[in-house]
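For reference, protein.cif (mmCIF, C-alpha atoms):
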```cif
data_my_file
loop_
_atom_site.label_atom_id
_atom_site.label_comp_id
_atom_site.auth_asym_id
_atom_site.auth_seq_id
_atom_site.Cartn_x
_atom_site.Cartn_y
_atom_site.Cartn_z
CA MET A 1 -13.10 68.17 -34.07
CA SER A 2 -14.61 69.87 -31.06
CA GLU A 3 -13.30 69.35 -27.55
CA ASN A 4 -16.55 67.56 -26.64
CA GLY A 5 -16.08 65.18 -29.54
CA SER A 6 -12.46 64.44 -28.54
CA ALA A 7 -13.49 63.80 -24.94
CA SER A 8 -16.27 61.45 -26.05
CA THR A 9 -13.90 59.46 -28.29
CA LEU A 10 -11.33 59.21 -25.48
CA SER A 11 -14.01 58.01 -23.05
CA GLN A 12 -15.17 55.32 -25.49
CA ALA A 13 -11.57 54.17 -26.00
CA GLN A 14 -11.03 53.93 -22.26
CA THR A 15 -14.27 51.96 -21.85
CA ILE A 16 -13.19 49.49 -24.56
CA CYS A 17 -9.79 49.08 -22.92
CA ARG A 18 -11.38 48.39 -19.56
CA LEU A 19 -13.73 45.84 -21.14
CA LEU A 20 -10.87 44.05 -22.91
CA LEU A 21 -8.86 44.01 -19.67
CA ALA A 22 -11.83 42.53 -17.76
CA ILE A 23 -12.26 39.82 -20.40
CA ALA A 24 -8.56 38.99 -20.23
CA VAL A 25 -8.69 38.71 -16.43
CA MET A 26 -11.74 36.45 -16.60
CA PHE A 27 -10.13 34.25 -19.23
CA THR A 28 -6.94 33.91 -17.19
CA ALA A 29 -8.91 33.03 -14.07
CA GLY A 30 -10.92 30.47 -16.00
CA CYS A 31 -7.80 28.81 -17.32
CA THR A 32 -6.39 28.64 -13.82
CA LEU A 33 -9.63 27.20 -12.44
CA PHE A 34 -9.91 24.39 -14.96
CA SER A 35 -6.21 23.64 -15.48
CA PRO A 36 -4.82 20.45 -13.88
CA VAL A 37 -3.35 21.04 -10.45
CA GLU A 38 0.34 20.25 -10.32
CA ASN A 39 1.10 17.63 -7.67
CA ASP A 40 4.62 16.57 -6.79
CA MET A 41 3.39 13.65 -4.65
CA ARG A 42 4.33 10.20 -5.97
CA VAL A 43 1.93 7.41 -5.01
CA ALA A 44 3.10 3.78 -4.98
CA VAL A 45 1.40 0.44 -4.34
CA ILE A 46 2.25 -3.09 -3.27
CA ASP A 47 0.78 -5.39 -5.92
CA LYS A 48 3.28 -8.21 -6.42
CA ILE A 49 2.36 -11.78 -5.54
CA PRO A 50 4.59 -14.88 -5.72
CA VAL A 51 4.71 -16.71 -9.03
CA GLU A 52 5.77 -20.10 -7.69
CA LEU A 53 3.51 -21.52 -5.00
CA PRO A 54 3.13 -24.94 -3.39
CA GLN A 55 0.25 -26.83 -4.96
CA GLN A 56 -1.91 -29.44 -3.29
CA GLN A 57 -5.12 -31.28 -4.08
CA ARG A 58 -8.23 -29.19 -3.39
CA HIS A 59 -10.02 -29.90 -0.11
CA SER A 60 -13.51 -28.99 1.07
CA ALA A 61 -12.20 -26.44 3.56
CA THR A 62 -12.93 -22.72 3.88
CA LEU A 63 -10.25 -20.31 5.09
CA LEU A 64 -11.17 -16.91 6.51
CA VAL A 65 -8.35 -14.35 6.23
CA LEU A 66 -8.99 -11.77 8.93
CA PRO A 67 -8.09 -8.08 8.55
CA THR A 68 -4.37 -7.53 8.93
CA ALA A 69 -3.32 -5.79 12.14
CA ILE A 70 -0.33 -3.47 12.01
CA ASN A 71 2.14 -1.67 14.21
CA PRO A 72 0.63 1.84 14.64
CA VAL A 73 3.88 3.42 13.42
CA TYR A 74 3.23 2.00 9.94
CA ASP A 75 -0.57 2.29 9.94
CA THR A 76 -0.53 5.20 7.50
CA ILE A 77 -0.14 5.92 3.80
CA ARG A 78 3.03 7.86 4.65
CA MET A 79 6.14 6.04 3.48
CA ALA A 80 8.46 5.30 6.40
CA TYR A 81 12.24 5.22 6.30
CA GLN A 82 15.10 5.09 8.77
CA THR A 83 18.51 6.78 8.70
CA GLN A 84 19.35 6.39 12.37
CA PRO A 85 18.70 3.60 14.85
CA HIS A 86 15.53 3.99 16.93
CA GLN A 87 14.24 6.83 14.74
CA ILE A 88 11.61 6.79 11.97
CA ASP A 89 10.89 9.50 9.40
CA TYR A 90 8.46 9.79 6.49
CA PHE A 91 9.08 10.94 2.93
CA SER A 92 7.42 14.24 2.03
CA ARG A 93 6.84 13.52 -1.69
CA HIS A 94 6.31 9.76 -1.73
CA GLN A 95 3.44 7.84 -0.16
CA TRP A 96 1.50 4.59 -0.44
CA GLY A 97 -1.84 4.36 -2.21
CA ALA A 98 -3.30 2.69 0.90
CA THR A 99 -2.01 1.59 4.28
CA PRO A 100 0.29 -1.46 4.22
CA ALA A 101 -2.38 -3.56 5.94
CA GLN A 102 -4.98 -2.60 3.34
CA MET A 103 -2.62 -3.44 0.48
CA LEU A 104 -1.41 -6.74 1.91
CA LEU A 105 -4.76 -8.32 2.85
CA PRO A 106 -6.12 -8.92 -0.68
CA LEU A 107 -2.71 -10.11 -1.87
CA LEU A 108 -2.54 -12.64 0.97
CA ALA A 109 -6.04 -13.93 0.17
CA GLN A 110 -5.21 -14.19 -3.53
CA THR A 111 -1.95 -16.01 -2.81
CA LEU A 112 -3.69 -18.60 -0.62
CA GLU A 113 -6.42 -19.03 -3.21
CA ASN A 114 -3.76 -19.65 -5.86
CA THR A 115 -2.52 -22.71 -3.94
CA HIS A 116 -5.84 -24.39 -4.95
CA TYR A 117 -5.98 -26.20 -1.61
CA PHE A 118 -9.09 -24.52 -0.19
CA LYS A 119 -12.60 -24.72 -1.50
CA ALA A 120 -12.90 -21.02 -0.64
CA VAL A 121 -10.66 -18.27 0.71
CA THR A 122 -12.73 -15.44 2.14
CA THR A 123 -12.21 -12.06 3.77
CA PRO A 124 -14.55 -9.92 5.89
CA PRO A 125 -17.37 -9.19 5.65
CA TYR A 126 -18.14 -12.93 5.75
CA PHE A 127 -20.72 -14.44 8.08
CA GLY A 128 -20.76 -18.08 6.99
CA PRO A 129 -18.99 -21.06 8.58
CA TYR A 130 -15.28 -21.57 8.04
CA ASN A 131 -12.81 -24.31 8.93
CA TYR A 132 -9.73 -22.17 9.51
CA GLY A 133 -9.01 -18.57 10.35
CA LEU A 134 -5.80 -16.70 9.61
CA ARG A 135 -4.65 -13.75 11.71
CA THR A 136 -1.76 -11.60 10.55
CA GLU A 137 0.05 -8.59 11.95
CA ILE A 138 2.61 -6.37 10.21
CA LEU A 139 5.41 -5.74 12.69
CA GLU A 140 7.81 -3.89 10.35
CA PHE A 141 7.31 -2.10 7.03
CA ILE A 142 10.16 0.33 6.46
CA GLN A 143 13.04 1.35 4.22
CA ASP A 144 16.24 1.02 6.21
CA PHE A 145 19.11 3.29 5.16
CA THR A 146 21.26 2.51 8.19
CA ALA A 147 22.59 -0.65 6.54
CA THR A 148 24.85 -1.07 3.50
CA PRO A 149 23.30 -1.81 1.11
CA ALA A 150 20.02 -0.20 2.10
CA ARG A 151 17.24 -2.71 2.71
CA PHE A 152 13.49 -2.91 2.99
CA HIS A 153 12.31 -4.56 6.22
CA LEU A 154 9.04 -6.50 6.27
CA SER A 155 8.05 -8.62 9.25
CA LEU A 156 4.72 -10.45 9.47
CA ARG A 157 3.29 -12.46 12.35
CA ILE A 158 0.92 -15.28 11.31
CA GLN A 159 -1.50 -17.29 13.44
CA LEU A 160 -3.56 -20.14 12.01
CA MET A 161 -6.70 -20.87 14.06
CA ASP A 162 -9.31 -23.57 14.23
CA GLY A 163 -12.54 -22.17 12.84
CA THR A 164 -14.73 -23.86 15.44
CA SER A 165 -12.86 -23.34 18.69
CA ASN A 166 -10.64 -20.34 17.71
CA ARG A 167 -7.75 -22.35 19.11
CA ILE A 168 -4.38 -21.35 17.69
CA ILE A 169 -3.05 -24.26 15.65
CA ALA A 170 0.31 -22.75 14.78
CA SER A 171 2.09 -19.39 14.85
CA ARG A 172 5.11 -17.96 13.10
CA VAL A 173 6.91 -14.67 12.45
CA ILE A 174 8.22 -14.23 8.89
CA THR A 175 10.93 -11.60 8.45
CA VAL A 176 12.49 -10.50 5.16
CA ARG A 177 15.33 -8.03 4.60
CA GLU A 178 15.22 -7.19 0.88
CA PRO A 179 18.28 -5.30 -0.52
CA MET A 180 17.65 -2.02 -2.39
CA ILE A 181 19.57 -1.31 -5.60
CA GLN A 182 19.66 2.43 -4.80
CA VAL A 183 19.17 4.69 -1.82
CA THR A 184 15.93 6.18 -3.17
CA PRO A 185 12.21 5.89 -2.39
CA VAL A 186 11.59 4.35 -5.84
CA ALA A 187 14.12 1.60 -5.16
CA GLY A 188 12.44 1.14 -1.79
CA VAL A 189 9.08 0.55 -3.47
CA ALA A 190 10.60 -2.10 -5.74
CA ALA A 191 12.24 -3.80 -2.76
CA ALA A 192 8.96 -3.63 -0.81
CA ASN A 193 7.17 -5.47 -3.60
CA ASP A 194 9.86 -8.15 -3.75
CA ALA A 195 9.80 -8.51 0.04
CA SER A 196 6.01 -8.79 0.05
CA ALA A 197 6.01 -11.53 -2.60
CA ASN A 198 8.63 -13.40 -0.57
CA VAL A 199 6.63 -13.10 2.65
CA LEU A 200 3.41 -14.17 0.92
CA GLN A 201 5.13 -17.24 -0.50
CA GLN A 202 6.42 -18.23 2.94
CA ALA A 203 2.99 -17.56 4.48
CA ALA A 204 1.29 -19.87 1.98
CA GLN A 205 3.89 -22.57 2.62
CA PHE A 206 3.38 -22.22 6.37
CA VAL A 207 -0.41 -22.54 6.11
CA LEU A 208 -0.27 -25.60 3.86
CA GLU A 209 2.21 -27.31 6.18
CA GLN A 210 -0.45 -27.21 8.93
CA MET A 211 -3.18 -28.74 6.78
CA PRO A 212 -4.17 -32.43 7.10
#
```

What would the structure in this file look like if it were written as structure tokens?
Amino acid sequence: MSENGSASTLSQAQTICRLLLAIAVMFTAGCTLFSPVENDMRVAVIDKIPVELPQQQRHSATLLVLPTAINPVYDTIRMAYQTQPHQIDYFSRHQWGATPAQMLLPLLAQTLENTHYFKAVTTPPYFGPYNYGLRTEILEFIQDFTATPARFHLSLRIQLMDGTSNRIIASRVITVREPMIQVTPVAGVAAANDASANVLQQAAQFVLEQMP
């Protein structure tokens, strides 16, 4: 074979190699682009409501549950914990699916509806008349590792108002310290759900105690 023929064959071989390499690079990039992104973040929710609730005969009253206010420290999806007094930190790989206030509001409305006392339990946006209004504020929502055993702290302020005059009928602060079975964020989520169900049950009892 002539030198020109050898050079031409070598050039073709190099061109094929470059083409195969380009295809391999494109395929690898495509796989990376469409592959699921690994995410170490664990997202948890509060979704537990009390099973046993006080039951009363239904009345023709409408209750408006207003948006839950919250201590700004906990007004975040970041999951708060405490290892030292007067200091709050947040987990880096665990968070809530929504802010505590956003998670608690529909659960509170559902719990009050499950008492079957009210003709309707509503939440904003609602522009119709209502007989009673319920204001709530989350004061604490944190995993406390300073105690033994570790505990989840949930504190909720409740104010029941007259729907016509906005006069406060009654007010109460409900505080629950729910023990955690382990010193882990997962155990904290379980304790938070138990604490929330407990607080919701007490809130429903408090509201019904004020009714005629």

Please report as CSV every residue of stretch 48-79 of chain A lying within 6 Å of stretch 97-116 of chain A, along with the nearest atom pair and their distance in Å (one decimal), using all atoms listed in the file.
```
residue,atom,partner,partner_atom,distance
A:Gln55,CA,A:Thr115,CA,5.1
A:Arg58,CA,A:His116,CA,5.6
A:Thr68,CA,A:Ala101,CA,5.4
A:Asp75,CA,A:Thr99,CA,5.9
A:Thr76,CA,A:Thr99,CA,5.1
A:Ile77,CA,A:Thr99,CA,4.7
```

With C-alpha atoms retained, write the just-selected residues as an mmCIF file, keeping the file's coordinate frame.
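Dumped to out-v5.cif:
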```
data_model
loop_
_atom_site.group_PDB
_atom_site.id
_atom_site.type_symbol
_atom_site.label_atom_id
_atom_site.label_comp_id
_atom_site.auth_asym_id
_atom_site.auth_seq_id
_atom_site.Cartn_x
_atom_site.Cartn_y
_atom_site.Cartn_z
ATOM 1 C CA GLN A 55 0.250 -26.830 -4.960
ATOM 2 C CA ARG A 58 -8.230 -29.190 -3.390
ATOM 3 C CA THR A 68 -4.370 -7.530 8.930
ATOM 4 C CA ASP A 75 -0.570 2.290 9.940
ATOM 5 C CA THR A 76 -0.530 5.200 7.500
ATOM 6 C CA ILE A 77 -0.140 5.920 3.800
#
```

Could you check how far atom CA of A:Ala147 sits from atom CA of A:Ala192, in Å to one decimal?
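Here the two named atoms are 15.8 Å from each other.
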
Which residues would end up in the selection if the PyMOL selection byres ((chain A and resi 85) around 10) were applied here, given that I need the answer as a count of residues only?
9

Answer key for the PyMOL selection byres ((chain A and resi 161-176) around 8), residues as a JSON list (two decimals) with C-alpha atoms, in the frame of the given file:
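Final file, result-v2.json:
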```json
[["chain", "number", "residue", "atom", "x", "y", "z"],
["A", 129, "PRO", "CA", -18.99, -21.06, 8.58],
["A", 130, "TYR", "CA", -15.28, -21.57, 8.04],
["A", 131, "ASN", "CA", -12.81, -24.31, 8.93],
["A", 132, "TYR", "CA", -9.73, -22.17, 9.51],
["A", 133, "GLY", "CA", -9.01, -18.57, 10.35],
["A", 134, "LEU", "CA", -5.80, -16.70, 9.61],
["A", 135, "ARG", "CA", -4.65, -13.75, 11.71],
["A", 152, "PHE", "CA", 13.49, -2.91, 2.99],
["A", 153, "HIS", "CA", 12.31, -4.56, 6.22],
["A", 154, "LEU", "CA", 9.04, -6.50, 6.27],
["A", 155, "SER", "CA", 8.05, -8.62, 9.25],
["A", 156, "LEU", "CA", 4.72, -10.45, 9.47],
["A", 157, "ARG", "CA", 3.29, -12.46, 12.35],
["A", 158, "ILE", "CA", 0.92, -15.28, 11.31],
["A", 159, "GLN", "CA", -1.50, -17.29, 13.44],
["A", 160, "LEU", "CA", -3.56, -20.14, 12.01],
["A", 177, "ARG", "CA", 15.33, -8.03, 4.60],
["A", 178, "GLU", "CA", 15.22, -7.19, 0.88],
["A", 195, "ALA", "CA", 9.80, -8.51, 0.04],
["A", 198, "ASN", "CA", 8.63, -13.40, -0.57],
["A", 199, "VAL", "CA", 6.63, -13.10, 2.65],
["A", 202, "GLN", "CA", 6.42, -18.23, 2.94],
["A", 203, "ALA", "CA", 2.99, -17.56, 4.48],
["A", 210, "GLN", "CA", -0.45, -27.21, 8.93]]
```

If the PyMOL selection byres ((chain A and resi 119-123) around 7) is run on the structure shown, which residues does it catch, given as a PyMOL selection string?
chain A and resi 58-66+109+113+117-118+124-126
